[in-house]
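Q: First, the structure itself, so that you have it in front of you.
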Amino acid sequence: MAMKASGADQSKKKLLQERVPLRRTAWKLAEFFVLFLLLALLAHRATGLDAGGVAWQVAFVCEAWFTFVWLLNMNVKWNPVRFVTYPENLAERIEELPVVDMFVTTADPVLEPPLVTANTVLSLLSVDYPDAGEKLACYISDDGCSPVTFYAMRETVKFSRMWVPFCRRHNIAVRAPFRYFTSTPDFGPAGHKFRDDWTFMKSEYEKLVHRIEDADERSLLRHGGPDFCEFMDVERANHPAIVKVLWDNSKSSIGEGFPHLIYVSREKSLSHHHHYKAGAMNTLTRVSAVMTNAPIMLNVDCDMFANNPQVVLHAMCLLLGFDNEIYSGFVQAPQKFYGALKDDPFGNQMEVIFKKLGSGVAGLQGMFYGGTGCFHRRKVIYGMSPDSIMAGREGITGSPSAKELQKKFGISNELKESARKIISANLASEPIVDMSSRIEIAKEVAACNYEIGTHWGHEIGWVYGSLTEDVLTGQRIHAMGWRSTMLDPEPPAFLGCAPTGGPACQTQFKRWATGLFEILIGQNNPILATIFKHLHLRQCLSYLIIYVWPLRGFVEVCYALLGPYCLLTNQSFLPKASEDGFNIPLALFLTYNTYNLVEYMECGLSTHAWWNNHRMQRITSASAWLLAFLIVLLKTLGLSETVFEVTRKDKSTSHDDDVIDEADPGRFTFDASPVFIPVTTLVMLNIVAITIGAWRVVFRTMESEHSAPGVNEFMCCGWLLLCFLPFVRGLVGKGSYGIPWSVMLKASLVVAIY
């Protein structure tokens with residue numbers, strides 16, 4: 001028996017990954033109780049639809065919608081799992097780890113400062129991986145075609161020749177310098193060498209910061225040398241492709257051993273749609289295919305640095321640790337943030353969403369693709385399904401013909417040959433000796449017209465047709481029959497910066513909601529993928545929970561209007577205290593909010609964090625989500641076009657006081673954007689409604705005691721004003737903390753019309 005137990009322990013040690021189900025019996029009972037209250041409220045509504053009037057009927061429709069959304073939530077959370085990885089077993093289980101191409105995307109040198117990108121690149125160049133110099137390559141996509149960004153990357157290479165050996169020599173845990181140098185480590189009594197190295201590296205990093213921040217585009221173009229010739233007279237939206245090999249490790253004479261670094265700015269033309277980030281990712285996929293052609297690809301946003309130096313090894317445990325690779329079509333890390341404001345005042349850190357919904361989706365067909373912090377199989381991005389891979393292994397299908405490859409991948413012979421190797425799993429090709437010899441080929445596949453007549457953006461690569469190309473691409477992968485896994489090691493795999501302030505947060509939420517609604521009402525609807533493809537039903541319902549955000553905004557605004565409508569028109573839409581159904585909405589309100597509060601407490605968050613997220617949910621649904629609903633509606637009618645808006649990133653410095661300039665970074669700020677008009681209108685309307693309703697109560701001018709509003713209507717309006725408190729303060733605030741007069745004027749006109 002002892003020998004058997006020892007054998008079992010030894011077998012477990014050799015695991016690369018482990019799928020651990022999470023028990024949640026008590027949570028399921030609580031969810032059923034909330035569902036019971038929702039159904040009881042609907043039943044009570046149904047009995048009085050005829051006598052209740054328009055407000056009662058609208059409330060019935062809205063509450064039926066809330067019940068549907070709750071069922072979607074229950075489906076997602078029903079079978080949560082987490083994945084545990086064992087990177088220490090890789091050496092024993094895997095003879096040779098695969099090559100990995102790492103992609104970093106940036107689009108605007110002002111909103112996404114080059115120093116932010118530089119730190120992300122440095123964190124990737126210094127990750128732990130066997131033979132990193134030969135097996136890792138980092139590609140930078142600069143959609144802003146900025147000489148300053150290119151200069152920052154060139155300087156980053158120089159610094160990395162010191163930074164990477166320093167990290168490996170001293171086993172540094174955090175390898176983004178701007179985070180590492182925010183504190184002084186404990187050198188210990190025998191740490192003289194470490195102290196000297198640390199002091200030297202900090203000094204060198206500060207010099208790097210000054211060089212990048214002081215860089216001027218005009219000066220670089222005049223005096224930067226021949227490297228900047230290709231940037232002369234270029235326009236951001238109209239320029240030829242620029243590809244530069246900033247570091248080729250094969251040419252290293254002293255064996256620095258850090259990954260290749262390639263700068264890419266794809267060709268853009270006013271006559272060709274560039275498809276935003278999806279187009280940039282497809283260009284990086286093609287450029288990397290003709291240069292390094294790694295079977296695994298990692299993509300991160302420019303502000304999402306590698307926080308765990310073993311992140312690639314952890315990902316390999318999930319990519320290589322299943323008996324069948326169908327279970328790991330891609331590996332997604334949840335988004336987590338550094339330097340996050342206390343108690344999440346803008347409700348965009350999404351910690352509970354990833355812990356609750358994320359682990360739930362991971363227990364179905366797999367985690368959604370989040371657009372950053374994700375490891376992809378190149379063959380999956382190339383549109384290969386599990387069925388086609390199995391058929392190829394069994395010899396049912398042969399190697400694709402040159403004509404088939406050209407139709408799918410384009411005319412480049414080098415790209416077609418690299419795709420053939422990926423499709424046929426022939427990855428034992430010799431590494432490219434001189435990457436510079438592939439620059440012209442890379443420029444060819446980075447041309448703006450290269451994709452014409454091919455499958456790029458449809459069946460191959462990142463999918464076009466939505467501002468949220470990440471979620472749509474992940475859905476296409478799931479619809480082919482692949483599953484995905486969640487990578488959540490300790491410390492976190494990647495850390496990014498969450499936007500602060502009202503305009504940045506609402507811009508981000510509006511962009512997401514717009515793209516998700518485009519998917520819902522378009523040909524990529526997940527219901528169709530479930531009927532005609534291999535998307536599982538419960539995974540489809542999981543996608544719907546985020547796709548319906550704009551619809552939720554419309555319905556929640558309609559429900560929010562019922563309170564002031566009833567106070568102004570002397571009606572009611574909720575049971576009065578003297579009626580039998582009075583306790584149902586009260587119990588539902590208390591139970592639902594208690595359920596959410598306990599969720600936040602279980603995740604280690606405070607009551608204040610719960611309240612901030614609750615009120616921001618109400619603000620976001622009535623502003624960003626509602627505006628997204630209207631934008632897509634106008635686009636569908638041919639009256640407007642969607643526009644991709646880049647979210648501002650904070651600068652990455654080693655000085656805490658440089659990160660945020662505002663005196664109160666957690667306070668809500670405003671600008672003249674239309675996104676603030678709906679909530680401002682609701683605030684004004686509720687103030688007017690409460691005033692008129694209270695006047696009627698005081699002077700007893702109610703026309704009918706039976707149909708007149710009761711205490712519930714006043715509580716609804718008061719609760720909304722409490723949720724919209726930042727806007728109430730904004731009505732009398734000054735500067736960026738005050739709502740602009742143009743927004744208040746437009747909101748006043750809507751209130752007057754109402």
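In the structure tokens, the first chain shown is A, the next is B, and so on; residue numbers restart at 1 for each chain, and ligands run from 1 in the order shown.
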Need to verify the contact set: stretch 546-561 of chain A, 9 Å, only C-alpha atoms, exclusion of same-chain residues closer than 6 positions in sequence. Can you return it as a PyMOL selection string?

A: chain A and resi 58-59+61-63+65-66+69+510+513-520+618+620-630+678+682+685-686+716-717+720

Q: Write out as a PyMOL selection string the residues lying within 10 Å of stretch 729-735 of chain A, counting only C-alpha atoms and excluding same-chain residues fewer than 6 positions away.

A: chain A and resi 668-671+680+683-684+741+744

Q: For the residues in that selection, give me N, CA, C and O atoms as a PDB file, in the first residue's frame.

A:
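Just written: again_12.pdb:
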ATOM      1  N   PHE A 668     -15.167  61.704  -9.405  1.00  0.00           N
ATOM      2  CA  PHE A 668     -15.709  61.629 -10.761  1.00  0.00           C
ATOM      3  C   PHE A 668     -15.504  62.960 -11.484  1.00  0.00           C
ATOM      4  O   PHE A 668     -15.756  64.030 -10.938  1.00  0.00           O
ATOM      5  N   THR A 669     -15.028  62.874 -12.724  1.00  0.00           N
ATOM      6  CA  THR A 669     -14.822  64.069 -13.545  1.00  0.00           C
ATOM      7  C   THR A 669     -15.711  64.011 -14.784  1.00  0.00           C
ATOM      8  O   THR A 669     -16.205  62.949 -15.162  1.00  0.00           O
ATOM      9  N   PHE A 670     -15.892  65.156 -15.417  1.00  0.00           N
ATOM     10  CA  PHE A 670     -16.803  65.271 -16.554  1.00  0.00           C
ATOM     11  C   PHE A 670     -16.141  66.026 -17.695  1.00  0.00           C
ATOM     12  O   PHE A 670     -15.164  66.747 -17.511  1.00  0.00           O
ATOM     13  N   ASP A 671     -16.695  65.834 -18.881  1.00  0.00           N
ATOM     14  CA  ASP A 671     -16.383  66.704 -20.016  1.00  0.00           C
ATOM     15  C   ASP A 671     -17.684  66.894 -20.797  1.00  0.00           C
ATOM     16  O   ASP A 671     -18.767  66.543 -20.325  1.00  0.00           O
ATOM     17  N   THR A 680     -27.380  62.894 -16.495  1.00  0.00           N
ATOM     18  CA  THR A 680     -27.699  64.257 -16.052  1.00  0.00           C
ATOM     19  C   THR A 680     -29.189  64.513 -16.177  1.00  0.00           C
ATOM     20  O   THR A 680     -29.804  65.130 -15.289  1.00  0.00           O
ATOM     21  N   VAL A 683     -30.997  62.706 -13.342  1.00  0.00           N
ATOM     22  CA  VAL A 683     -30.814  63.401 -12.065  1.00  0.00           C
ATOM     23  C   VAL A 683     -31.761  64.588 -11.968  1.00  0.00           C
ATOM     24  O   VAL A 683     -32.474  64.771 -10.963  1.00  0.00           O
ATOM     25  N   MET A 684     -31.780  65.411 -13.003  1.00  0.00           N
ATOM     26  CA  MET A 684     -32.671  66.577 -12.993  1.00  0.00           C
ATOM     27  C   MET A 684     -34.135  66.151 -12.891  1.00  0.00           C
ATOM     28  O   MET A 684     -34.928  66.741 -12.140  1.00  0.00           O
ATOM     29  N   TRP A 741     -21.823  73.260 -18.923  1.00  0.00           N
ATOM     30  CA  TRP A 741     -23.113  73.911 -19.170  1.00  0.00           C
ATOM     31  C   TRP A 741     -23.791  73.357 -20.412  1.00  0.00           C
ATOM     32  O   TRP A 741     -25.028  73.270 -20.469  1.00  0.00           O
ATOM     33  N   MET A 744     -25.631  70.254 -19.344  1.00  0.00           N
ATOM     34  CA  MET A 744     -26.800  70.578 -18.514  1.00  0.00           C
ATOM     35  C   MET A 744     -27.905  71.214 -19.346  1.00  0.00           C
ATOM     36  O   MET A 744     -29.095  70.961 -19.107  1.00  0.00           O
TER      37      MET A 744
END

Q: Using only C-alpha atoms, determine which residues lie at most 7 Å from stretch 32-38 of chain A, disregarding the query and same-chain residues fewer than 5 positions distant; provide the list as an NGL selection string.

A: :A and (67 or 584 or 588 or 591-592)

Q: Env of A:Ala55: 10 Å cut, atoms = only C-alpha atoms, seq-sep filter 2 positions within chain, self excluded. Answer as an mmCIF file with N, CA and C atoms, in the first residue's frame.

A:
data_model
loop_
_atom_site.group_PDB
_atom_site.id
_atom_site.type_symbol
_atom_site.label_atom_id
_atom_site.label_comp_id
_atom_site.auth_asym_id
_atom_site.auth_seq_id
_atom_site.Cartn_x
_atom_site.Cartn_y
_atom_site.Cartn_z
ATOM 1 N N LEU A 49 -52.286 43.534 -14.678
ATOM 2 C CA LEU A 49 -51.851 44.225 -15.892
ATOM 3 C C LEU A 49 -52.927 45.137 -16.461
ATOM 4 N N GLY A 52 -53.541 48.165 -14.008
ATOM 5 C CA GLY A 52 -52.371 48.916 -13.563
ATOM 6 C C GLY A 52 -51.968 50.083 -14.441
ATOM 7 N N GLY A 53 -52.388 50.101 -15.691
ATOM 8 C CA GLY A 53 -52.031 51.187 -16.584
ATOM 9 C C GLY A 53 -50.709 50.958 -17.298
ATOM 10 N N GLN A 57 -47.528 48.058 -16.957
ATOM 11 C CA GLN A 57 -47.183 47.180 -18.085
ATOM 12 C C GLN A 57 -45.703 47.315 -18.455
ATOM 13 N N VAL A 58 -45.189 48.538 -18.460
ATOM 14 C CA VAL A 58 -43.765 48.749 -18.748
ATOM 15 C C VAL A 58 -42.912 48.090 -17.670
ATOM 16 N N ALA A 59 -43.351 48.211 -16.419
ATOM 17 C CA ALA A 59 -42.619 47.576 -15.325
ATOM 18 C C ALA A 59 -42.595 46.062 -15.491
ATOM 19 N N PHE A 60 -43.699 45.479 -15.946
ATOM 20 C CA PHE A 60 -43.759 44.029 -16.159
ATOM 21 C C PHE A 60 -42.738 43.586 -17.207
ATOM 22 N N TYR A 559 -36.852 51.591 -16.892
ATOM 23 C CA TYR A 559 -37.316 51.297 -15.536
ATOM 24 C C TYR A 559 -37.026 52.473 -14.597
ATOM 25 N N LEU A 561 -37.064 55.530 -15.378
ATOM 26 C CA LEU A 561 -37.992 56.626 -15.684
ATOM 27 C C LEU A 561 -39.356 56.431 -15.047
ATOM 28 N N LEU A 562 -39.677 55.196 -14.619
ATOM 29 C CA LEU A 562 -41.010 54.933 -14.075
ATOM 30 C C LEU A 562 -41.252 55.694 -12.775
ATOM 31 N N GLY A 563 -40.233 55.772 -11.901
ATOM 32 C CA GLY A 563 -40.401 56.485 -10.640
ATOM 33 C C GLY A 563 -40.784 57.939 -10.839
ATOM 34 N N TYR A 565 -41.820 59.384 -13.532
ATOM 35 C CA TYR A 565 -43.051 59.451 -14.341
ATOM 36 C C TYR A 565 -44.293 59.347 -13.455
ATOM 37 N N CYS A 566 -44.260 58.398 -12.508
ATOM 38 C CA CYS A 566 -45.415 58.209 -11.632
ATOM 39 C C CYS A 566 -45.596 59.384 -10.670
ATOM 40 N N GLN A 571 -49.327 58.664 -10.502
ATOM 41 C CA GLN A 571 -49.634 57.251 -10.668
ATOM 42 C C GLN A 571 -48.678 56.423 -9.811
ATOM 43 N N SER A 572 -48.872 55.103 -9.837
ATOM 44 C CA SER A 572 -47.954 54.213 -9.123
ATOM 45 C C SER A 572 -47.613 53.021 -10.009
ATOM 46 N N PHE A 573 -46.425 52.455 -9.809
ATOM 47 C CA PHE A 573 -46.046 51.249 -10.543
ATOM 48 C C PHE A 573 -45.547 50.155 -9.601
ATOM 49 N N LEU A 574 -45.547 50.452 -8.297
ATOM 50 C CA LEU A 574 -45.157 49.468 -7.295
ATOM 51 C C LEU A 574 -46.279 49.305 -6.276
#

Q: Where does DSSP see helix (DSSP H, G or I) in stretch 145-329 of chain A, if you list the residues as a count of residues only?

A: 96

Q: Could you check how far atom CA of A:Cys497 sits from atom CA of A:Gln332, in Å to one decimal?

A: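 Result for atom CA of A:Cys497 versus atom CA of A:Gln332: 17.8 Å, one decimal.
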
Q: Would you kindly return, as a list in words, each protein, DNA or RNA residue with an atom no farther than 10 Å from any atom of A:Ala340, considering only C-alpha atoms and excluding same-chain residues fewer than 5 positions away?

A: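 Listed by chain and then number, they are Pro345, Asn348, Gln349, Gly496, Cys497, Ala498, Pro499 and Thr500 of chain A.
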
Q: Calculate how many Å separate atom CA of A:Cys374 from atom CA of A:Ser542, rounding to one decimal.

A: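 Separating atom CA of A:Cys374 from atom CA of A:Ser542 is a distance of 19.2 Å.
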
Q: Taking 2 positions as the minimum chain separation for residues in the same chain, which residues sit within 12 Å of A:Gln475 when counting only C-alpha atoms? Answer as number ranges by chain.

A: A: 329-330, 365-370, 381, 462-463, 468-473, 477-484, 516, 519-520, 524-530, 533-536, 539-544, 547

Q: Could you please take those selected residues and save N, CA and C atoms as a tab-separated table (two decimals), in the first residue's frame?

A:
chain	number	residue	atom	x	y	z
A	329	GLY	N	-7.46	25.70	-26.69
A	329	GLY	CA	-7.31	26.44	-27.95
A	329	GLY	C	-6.60	27.76	-27.74
A	330	PHE	N	-6.92	28.41	-26.62
A	330	PHE	CA	-6.14	29.59	-26.19
A	330	PHE	C	-6.19	29.65	-24.67
A	365	GLN	N	-17.29	26.11	-21.78
A	365	GLN	CA	-16.39	25.87	-22.91
A	365	GLN	C	-15.10	26.64	-22.78
A	366	GLY	N	-15.07	27.55	-21.83
A	366	GLY	CA	-13.81	28.23	-21.56
A	366	GLY	C	-13.92	29.73	-21.50
A	367	MET	N	-12.86	30.33	-20.99
A	367	MET	CA	-12.76	31.77	-20.78
A	367	MET	C	-12.92	32.53	-22.08
A	368	PHE	N	-13.59	33.70	-22.01
A	368	PHE	CA	-13.65	34.60	-23.17
A	368	PHE	C	-12.24	35.12	-23.48
A	369	TYR	N	-12.01	35.44	-24.75
A	369	TYR	CA	-10.76	36.11	-25.12
A	369	TYR	C	-10.89	37.58	-24.79
A	370	GLY	N	-10.00	38.09	-23.95
A	370	GLY	CA	-10.11	39.46	-23.46
A	370	GLY	C	-9.29	40.49	-24.19
A	381	ILE	N	-5.60	30.26	-34.74
A	381	ILE	CA	-5.81	31.58	-35.36
A	381	ILE	C	-5.93	31.43	-36.88
A	462	TRP	N	-7.67	37.58	-36.61
A	462	TRP	CA	-8.63	38.31	-35.78
A	462	TRP	C	-9.79	38.75	-36.66
A	463	VAL	N	-11.00	38.62	-36.15
A	463	VAL	CA	-12.21	38.78	-36.96
A	463	VAL	C	-12.61	40.25	-37.02
A	468	THR	N	-15.09	45.23	-30.62
A	468	THR	CA	-14.54	44.26	-29.67
A	468	THR	C	-14.11	43.02	-30.45
A	469	GLU	N	-13.05	43.20	-31.23
A	469	GLU	CA	-12.55	42.12	-32.07
A	469	GLU	C	-12.05	40.95	-31.24
A	470	ASP	N	-11.67	41.22	-29.99
A	470	ASP	CA	-11.16	40.16	-29.14
A	470	ASP	C	-12.24	39.14	-28.79
A	471	VAL	N	-13.38	39.63	-28.30
A	471	VAL	CA	-14.47	38.72	-27.92
A	471	VAL	C	-14.99	37.98	-29.15
A	472	LEU	N	-15.11	38.68	-30.28
A	472	LEU	CA	-15.60	38.05	-31.50
A	472	LEU	C	-14.64	36.96	-31.99
A	473	THR	N	-13.35	37.22	-31.92
A	473	THR	CA	-12.36	36.21	-32.32
A	473	THR	C	-12.41	35.00	-31.40
A	477	ILE	N	-13.37	31.00	-32.30
A	477	ILE	CA	-12.55	29.85	-31.90
A	477	ILE	C	-13.41	28.82	-31.16
A	478	HIS	N	-14.25	29.28	-30.24
A	478	HIS	CA	-15.14	28.37	-29.54
A	478	HIS	C	-16.14	27.72	-30.50
A	479	ALA	N	-16.60	28.49	-31.48
A	479	ALA	CA	-17.57	27.96	-32.43
A	479	ALA	C	-16.97	26.88	-33.33
A	480	MET	N	-15.64	26.86	-33.46
A	480	MET	CA	-14.98	25.80	-34.22
A	480	MET	C	-14.88	24.50	-33.41
A	481	GLY	N	-15.19	24.58	-32.11
A	481	GLY	CA	-15.14	23.39	-31.28
A	481	GLY	C	-14.03	23.40	-30.25
A	482	TRP	N	-13.20	24.45	-30.25
A	482	TRP	CA	-12.10	24.54	-29.29
A	482	TRP	C	-12.63	24.96	-27.92
A	483	ARG	N	-11.89	24.61	-26.89
A	483	ARG	CA	-12.12	25.13	-25.55
A	483	ARG	C	-10.96	26.06	-25.18
A	484	SER	N	-11.13	26.78	-24.10
A	484	SER	CA	-10.07	27.67	-23.64
A	484	SER	C	-9.92	27.51	-22.13
A	516	LEU	N	-19.84	44.85	-28.64
A	516	LEU	CA	-20.60	43.67	-28.24
A	516	LEU	C	-21.99	43.66	-28.87
A	519	ILE	N	-21.95	42.59	-32.46
A	519	ILE	CA	-21.91	41.13	-32.61
A	519	ILE	C	-23.30	40.54	-32.45
A	520	LEU	N	-24.03	41.02	-31.45
A	520	LEU	CA	-25.34	40.45	-31.12
A	520	LEU	C	-26.33	40.57	-32.27
A	524	ASN	N	-22.62	37.36	-36.78
A	524	ASN	CA	-21.82	36.58	-35.84
A	524	ASN	C	-22.55	36.30	-34.53
A	525	ASN	N	-23.86	36.44	-34.53
A	525	ASN	CA	-24.67	36.19	-33.34
A	525	ASN	C	-24.36	34.80	-32.77
A	526	PRO	N	-24.12	34.69	-31.45
A	526	PRO	CA	-23.75	33.40	-30.88
A	526	PRO	C	-24.85	32.34	-30.98
A	527	ILE	N	-26.10	32.76	-31.08
A	527	ILE	CA	-27.19	31.79	-31.22
A	527	ILE	C	-27.04	31.05	-32.54
A	528	LEU	N	-26.67	31.78	-33.60
A	528	LEU	CA	-26.44	31.13	-34.90
A	528	LEU	C	-25.25	30.19	-34.82
A	529	ALA	N	-24.21	30.60	-34.08
A	529	ALA	CA	-23.03	29.74	-33.94
A	529	ALA	C	-23.37	28.47	-33.17
A	530	THR	N	-24.33	28.55	-32.28
A	530	THR	CA	-24.76	27.35	-31.54
A	530	THR	C	-25.57	26.42	-32.44
A	533	LYS	N	-22.90	25.74	-35.78
A	533	LYS	CA	-21.50	25.39	-35.56
A	533	LYS	C	-21.36	24.60	-34.26
A	534	HIS	N	-20.24	24.75	-33.58
A	534	HIS	CA	-19.94	23.93	-32.41
A	534	HIS	C	-19.90	24.73	-31.11
A	535	LEU	N	-20.55	25.88	-31.08
A	535	LEU	CA	-20.60	26.65	-29.84
A	535	LEU	C	-21.63	26.00	-28.91
A	536	HIS	N	-21.19	25.64	-27.71
A	536	HIS	CA	-22.08	24.97	-26.77
A	536	HIS	C	-23.19	25.93	-26.31
A	539	GLN	N	-22.35	27.97	-23.26
A	539	GLN	CA	-21.34	28.97	-23.61
A	539	GLN	C	-21.99	30.11	-24.37
A	540	CYS	N	-22.94	29.79	-25.24
A	540	CYS	CA	-23.70	30.81	-25.96
A	540	CYS	C	-24.41	31.74	-24.98
A	541	LEU	N	-25.07	31.17	-23.97
A	541	LEU	CA	-25.76	31.97	-22.96
A	541	LEU	C	-24.77	32.82	-22.18
A	542	SER	N	-23.56	32.29	-21.99
A	542	SER	CA	-22.52	33.06	-21.29
A	542	SER	C	-22.10	34.28	-22.11
A	543	TYR	N	-21.96	34.09	-23.42
A	543	TYR	CA	-21.65	35.24	-24.28
A	543	TYR	C	-22.77	36.27	-24.24
A	544	LEU	N	-24.01	35.79	-24.19
A	544	LEU	CA	-25.14	36.73	-24.20
A	544	LEU	C	-25.12	37.66	-23.00
A	547	TYR	N	-23.10	40.45	-24.26
A	547	TYR	CA	-23.60	41.03	-25.50
A	547	TYR	C	-24.84	41.91	-25.27

Q: From a backbone DSSP assignment, name each residue in stretch 453-558 of chain A labelled strand (DSSP E), as a ChimeraX atom specification.

A: /A:484-486,494-495

Q: Write out as a ChimeraX atom specification the residues lying within 8 Å of stretch 290-301 of chain A, counting only C-alpha atoms and excluding same-chain residues fewer than 2 positions away.

A: /A:98-106,137,286-288,303-305,371-379,414-415,418,422,427,431-432,435,438,441-442

Q: Could you tell me which of A:Trp198, A:Phe676, A:Phe322, A:Phe178 comes closest to A:Gly502 if we count only C-alpha atoms?

A: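 Smallest distance to A:Gly502 is found for A:Phe676.
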
Q: Separation of atom CA of A:Leu357 and atom CA of A:Val84, in Å?

A: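 Separating atom CA of A:Leu357 from atom CA of A:Val84 is a distance of 17.9 Å.
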
Q: Quick one: of A:Pro334, A:Pro259, A:Pro114, A:Gly465, who's nearest to A:Glu134, counting only C-alpha atoms?

A: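 The shortest atom-to-atom distance to A:Glu134 comes from A:Pro259.
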
Q: Which is closest to A:Phe228 among A:Pro503, A:Gly666, A:Gly339, A:Pro147, if we use only C-alpha atoms?

A: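 Closest residue, counting only C-alpha atoms: A:Pro147.
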